[in-house]
Every structure is written in C-alpha cells, then in structure tokens.
Amino acid sequence: MRRLLYICGDSFGVPDPAYGPCWVDYLEKLVPSHHVVNLSRVCASNLMISQQVDQALDQADHIIVLCTASTRNQTRWNNQIIPYSIHSLNETTPFDAQQLAVLQSYTREFFDLDLAIYQNKCTIESLLQRLTDSAKPFLWDQGGFEHVSYGGVGEYFAKWRQYRSAFNLWDHVKSKQHRPYYHIQNDRVHRDVAAYYAGWIHAQT
C-alpha cells in the first residue's frame, strides 16, 4: 500500500502544466512508494497553510511545508476561504472592482506590517510545534516569511532548525510575475529540489 506524502504551502508548490513541470511533478516520479497529496494553494496565507497542516496530520506519512510572507491574508466569500496578498489586489483575485477597492482602502488605512509579522510568527511556531508533537517526519521551508527580498534580517524558529529544508524556494525567484504559479523558471532548481526531498523520504523509509 502506497504511503502518503502531503505538501502544504502557497503557490510555490502549485503545478502549472502550461509552463512546464515543477519540483512537485518531478518529486511524484521520484517517490513511487508514495501518493502525493498536494494541498498548496496560490496566494495561501500562513493561516491557511496551518489549516493544511491540520488536514495533513490526520493521514500523512511524510509532510513538506512551505511557509509564506506576512503580507498575505484571507477572507470568507461565497462560502469559501479566499486568500489574497496586499501586493496583488488586482485581476488575479476573484473579487470585483468594488470589493478590491474596499480591500485596497482597508490595507492602506489599517494594515500594520509589524503586527502582521508577529501574528505570522506565532502562526508558524504553532504549526511547527503541532508537527513536532505529531512525531511524523516533516521538513519545512521558511519561504517568504521575513525573506531577505523584503529586507528581513532576523533569525526565527531556531527551535525547529533540524527540520528546516535545505532549500528556501523564495531564494530562486527571478521574476514576480503571477504565472507560472510556482514562480521559479530554472528547471535545474526544480530537479534539485525534487531530488533533495526524494532523498529525505528514501532515508526515512
């Protein structure tokens, strides 16, 4: 019986076949012993990624987590949780012009980056502790949380250093275009990331 590998994250884990394979596609081929359940979602916030982790903990044998930037948020709309980034309140969202204007106004008036960083730090610490308590094998990528591209210089999450992925996918972005969803356009990076995670899984089994 095939084991279950869950991937929890934002767009960096979302395949986009129109633009060619990404590391998730390669990884699926490298670990035939596992069925890959990919919960990653474009523009997911750390809160949504935390919810993905909760879902994964019920069934996963191995878990990969991709964290994201503090400039992400979410709202409930049409009975669905819709993520958005304050940097892309535009046509890439499902919101109409009036709704976008409301979100843009709210962001300008009330978004506080320092508070958002603290809130996201707490969210990431919580999901990492739940993963640790589960005793299930996992690796995590700090991703966009306080990434150097945003000017981040602090050190976070030292308690979970042993579980940190050798790859931060945000380090390999050359363009901030919406597509491909997985952002990284260097195929060699995708193959190296897939080989790294496959090697970790093989070492656990």
# chains A, B, ... in the order shown; residues from 1 in each chain; ligands from 1
>>> select_by_dssp(residues="range 11-79 of chain A", states="strand (DSSP E or B)", output="list in words")
His34, His35, Val36, Val37, Asn38, His62, Ile63, Ile64, Val65, Leu66, Arg72, Asn73, Gln74, Thr75, Arg76 and Trp77 of chain A
>>> residues_around(residues="Ala194 in chain A", least_positions_apart="2", cutoff="12 Å", atoms="only C-alpha atoms", output="list of chain:residue names")
A:Gly13, A:Pro21, A:Cys22, A:Trp23, A:Val24, A:Asp25, A:Tyr26, A:Leu27, A:Glu28, A:Lys29, A:Leu30, A:Val31, A:Ile64, A:Ser165, A:Ala166, A:Phe167, A:Leu169, A:Asp187, A:Arg188, A:Val189, A:His190, A:Arg191, A:Asp192, A:Tyr196, A:Tyr197, A:Ala198, A:Gly199, A:Trp200, A:Ile201
>>> closest_residue(among="A:Gln55, A:Thr68, A:Gln204, A:Thr123", to="Val37 in chain A", atoms="only C-alpha atoms")
A:Gln55
>>> residues_around(residues="range 72-76 of chain A", least_positions_apart="2", cutoff="10 Å", atoms="only C-alpha atoms", output="CSV table (one decimal) with N, CA and C atoms, in the first residue's frame")
chain,number,residue,atom,x,y,z
A,43,CYS,N,-1.3,31.9,-3.5
A,43,CYS,CA,-1.5,33.1,-2.6
A,43,CYS,C,-1.9,32.7,-1.1
A,44,ALA,N,-1.8,31.4,-0.8
A,44,ALA,CA,-2.2,31.0,0.6
A,44,ALA,C,-1.5,31.8,1.6
A,45,SER,N,-2.1,32.1,2.7
A,45,SER,CA,-1.5,32.8,3.8
A,45,SER,C,-1.0,31.7,4.8
A,46,ASN,N,-0.2,32.1,5.8
A,46,ASN,CA,0.3,31.2,6.7
A,46,ASN,C,-0.8,30.6,7.6
A,47,LEU,N,-1.9,31.3,7.8
A,47,LEU,CA,-3.0,30.7,8.5
A,47,LEU,C,-3.7,29.6,7.7
A,48,MET,N,-3.8,29.8,6.4
A,48,MET,CA,-4.3,28.7,5.5
A,48,MET,C,-3.4,27.5,5.4
A,68,THR,N,5.1,31.2,4.1
A,68,THR,CA,4.9,32.3,3.1
A,68,THR,C,5.1,33.7,3.8
A,69,ALA,N,4.8,34.7,3.1
A,69,ALA,CA,5.0,36.1,3.6
A,69,ALA,C,3.9,36.5,4.5
A,70,SER,N,4.2,37.5,5.3
A,70,SER,CA,3.3,38.1,6.3
A,70,SER,C,2.3,39.0,5.6
A,78,ASN,N,-18.5,33.9,-0.6
A,78,ASN,CA,-19.3,32.8,-1.3
A,78,ASN,C,-19.0,31.4,-0.7
A,79,ASN,N,-19.0,31.4,0.7
A,79,ASN,CA,-18.8,30.2,1.4
A,79,ASN,C,-17.5,29.5,1.2
A,80,GLN,N,-16.5,30.3,0.7
A,80,GLN,CA,-15.1,29.8,0.5
A,80,GLN,C,-14.1,30.7,1.2
A,81,ILE,N,-13.0,30.2,1.6
A,81,ILE,CA,-12.0,31.0,2.1
A,81,ILE,C,-11.1,31.4,1.0
A,82,ILE,N,-11.0,32.7,0.7
A,82,ILE,CA,-10.2,33.2,-0.4
A,82,ILE,C,-9.0,33.9,0.1
A,83,PRO,N,-7.8,33.5,-0.3
A,83,PRO,CA,-6.6,34.2,0.1
A,83,PRO,C,-6.3,35.4,-0.8
A,84,TYR,N,-5.5,36.3,-0.3
A,84,TYR,CA,-5.0,37.4,-1.1
A,84,TYR,C,-3.8,38.0,-0.5
A,85,SER,N,-3.0,38.7,-1.4
A,85,SER,CA,-1.8,39.4,-1.0
A,85,SER,C,-2.1,40.9,-1.1
A,86,ILE,N,-1.6,41.6,-0.1
A,86,ILE,CA,-1.8,43.1,-0.2
A,86,ILE,C,-1.0,43.7,-1.4
A,87,HIS,N,-0.1,42.9,-2.0
A,87,HIS,CA,0.7,43.3,-3.1
A,87,HIS,C,0.1,43.0,-4.5
A,88,SER,N,-1.0,42.3,-4.5
A,88,SER,CA,-1.7,41.9,-5.7
A,88,SER,C,-3.2,41.9,-5.6
A,116,ALA,N,1.6,42.2,11.6
A,116,ALA,CA,1.4,41.0,10.8
A,116,ALA,C,2.6,40.1,10.9
A,120,ASN,N,2.1,36.3,12.2
A,120,ASN,CA,2.5,35.2,11.3
A,120,ASN,C,3.6,34.3,12.0
>>> residues_around(residues="Gly143 in chain A", least_positions_apart="2", cutoff="7 Å", atoms="only C-alpha atoms", output="PyMOL selection string")
chain A and resi 66-68+141+145+147+168-170
>>> residues_around(residues="Ser40 in chain A", least_positions_apart="4", cutoff="6 Å", atoms="only C-alpha atoms", output="list in words")
Cys8, Gly9, Asp10, Gly13 and Val14 of chain A
>>> write_last_selection(atoms="N, CA, C and O atoms", output="PDB file, in the first residue's frame")
ATOM      1  N   CYS A   8       2.086  21.050   1.920  1.00  0.00           N
ATOM      2  CA  CYS A   8       1.271  22.166   2.400  1.00  0.00           C
ATOM      3  C   CYS A   8       2.003  23.460   2.056  1.00  0.00           C
ATOM      4  O   CYS A   8       3.187  23.594   2.380  1.00  0.00           O
ATOM      5  N   GLY A   9       1.328  24.391   1.424  1.00  0.00           N
ATOM      6  CA  GLY A   9       2.032  25.615   1.086  1.00  0.00           C
ATOM      7  C   GLY A   9       1.244  26.571   0.218  1.00  0.00           C
ATOM      8  O   GLY A   9       0.030  26.462   0.062  1.00  0.00           O
ATOM      9  N   ASP A  10       1.978  27.506  -0.354  1.00  0.00           N
ATOM     10  CA  ASP A  10       1.389  28.530  -1.216  1.00  0.00           C
ATOM     11  C   ASP A  10       1.682  28.189  -2.672  1.00  0.00           C
ATOM     12  O   ASP A  10       1.869  27.024  -3.030  1.00  0.00           O
ATOM     13  N   GLY A  13       4.267  25.652  -4.420  1.00  0.00           N
ATOM     14  CA  GLY A  13       4.031  24.220  -4.536  1.00  0.00           C
ATOM     15  C   GLY A  13       2.930  23.875  -5.526  1.00  0.00           C
ATOM     16  O   GLY A  13       2.519  22.713  -5.595  1.00  0.00           O
ATOM     17  N   VAL A  14       2.460  24.850  -6.295  1.00  0.00           N
ATOM     18  CA  VAL A  14       1.328  24.630  -7.205  1.00  0.00           C
ATOM     19  C   VAL A  14       1.825  24.388  -8.628  1.00  0.00           C
ATOM     20  O   VAL A  14       2.413  25.281  -9.240  1.00  0.00           O
TER      21      VAL A  14
END
>>> closest_residue(among="A:Asp16, A:Asp96, A:Asp61, A:Glu125", to="Leu4 in chain A", atoms="only C-alpha atoms")
A:Asp61
>>> atom_distance(atom1="CA of Leu131 in chain A", atom2="CA of Ala158 in chain A")
15.0 Å
>>> select_by_dssp(residues="range 13-119 of chain A", states="alpha helix (DSSP H)", output="JSON, numbers by chain")
{"A": [23, 24, 25, 26, 27, 28, 29, 30, 46, 47, 48, 49, 50, 51, 52, 53, 54, 55, 56, 57, 97, 98, 99, 100, 101, 102, 103, 104, 105, 106, 107, 108, 109, 110, 113, 114, 115, 116, 117, 118, 119]}
>>> residues_around(residues="Tyr19 in chain A", least_positions_apart="5", cutoff="12 Å", atoms="only C-alpha atoms", output="mmCIF file with N, CA, C and O atoms, in the first residue's frame")
data_model
loop_
_atom_site.group_PDB
_atom_site.id
_atom_site.type_symbol
_atom_site.label_atom_id
_atom_site.label_comp_id
_atom_site.auth_asym_id
_atom_site.auth_seq_id
_atom_site.Cartn_x
_atom_site.Cartn_y
_atom_site.Cartn_z
ATOM 1 N N VAL A 14 2.460 24.850 -6.295
ATOM 2 C CA VAL A 14 1.328 24.630 -7.205
ATOM 3 C C VAL A 14 1.825 24.388 -8.628
ATOM 4 O O VAL A 14 2.413 25.281 -9.240
ATOM 5 N N HIS A 178 2.775 36.664 -12.070
ATOM 6 C CA HIS A 178 1.784 35.761 -11.476
ATOM 7 C C HIS A 178 1.933 34.330 -11.987
ATOM 8 O O HIS A 178 1.711 33.370 -11.235
ATOM 9 N N ARG A 179 2.289 34.155 -13.232
ATOM 10 C CA ARG A 179 2.478 32.835 -13.823
ATOM 11 C C ARG A 179 3.937 32.668 -14.211
ATOM 12 O O ARG A 179 4.585 33.621 -14.616
ATOM 13 N N PRO A 180 4.496 31.459 -14.188
ATOM 14 C CA PRO A 180 3.851 30.262 -13.668
ATOM 15 C C PRO A 180 3.587 30.380 -12.166
ATOM 16 O O PRO A 180 4.295 31.098 -11.464
ATOM 17 N N TYR A 181 2.585 29.649 -11.686
ATOM 18 C CA TYR A 181 2.212 29.746 -10.283
ATOM 19 C C TYR A 181 3.389 29.447 -9.369
ATOM 20 O O TYR A 181 3.547 30.065 -8.318
ATOM 21 N N TYR A 182 4.225 28.480 -9.775
ATOM 22 C CA TYR A 182 5.343 28.063 -8.928
ATOM 23 C C TYR A 182 6.536 29.011 -9.008
ATOM 24 O O TYR A 182 7.527 28.823 -8.317
ATOM 25 N N HIS A 183 6.476 30.024 -9.865
ATOM 26 C CA HIS A 183 7.398 31.164 -9.919
ATOM 27 C C HIS A 183 8.814 30.864 -10.407
ATOM 28 O O HIS A 183 9.390 31.651 -11.168
ATOM 29 N N ILE A 184 9.410 29.785 -9.973
ATOM 30 C CA ILE A 184 10.804 29.507 -10.318
ATOM 31 C C ILE A 184 10.871 28.993 -11.756
ATOM 32 O O ILE A 184 10.233 27.994 -12.094
ATOM 33 N N GLN A 185 11.654 29.636 -12.587
ATOM 34 C CA GLN A 185 11.691 29.287 -14.002
ATOM 35 C C GLN A 185 12.941 28.505 -14.399
ATOM 36 O O GLN A 185 13.107 28.146 -15.570
ATOM 37 N N ASN A 186 13.791 28.211 -13.448
ATOM 38 C CA ASN A 186 15.003 27.440 -13.715
ATOM 39 C C ASN A 186 14.702 25.955 -13.469
ATOM 40 O O ASN A 186 14.528 25.521 -12.327
ATOM 41 N N ASP A 187 14.669 25.176 -14.543
ATOM 42 C CA ASP A 187 14.329 23.753 -14.419
ATOM 43 C C ASP A 187 15.328 22.999 -13.547
ATOM 44 O O ASP A 187 14.957 22.062 -12.844
#
>>> atom_distance(atom1="CA of Leu103 in chain A", atom2="CA of Leu89 in chain A")
7.5 Å
>>> atom_distance(atom1="CA of Leu127 in chain A", atom2="CA of Arg2 in chain A")
25.6 Å
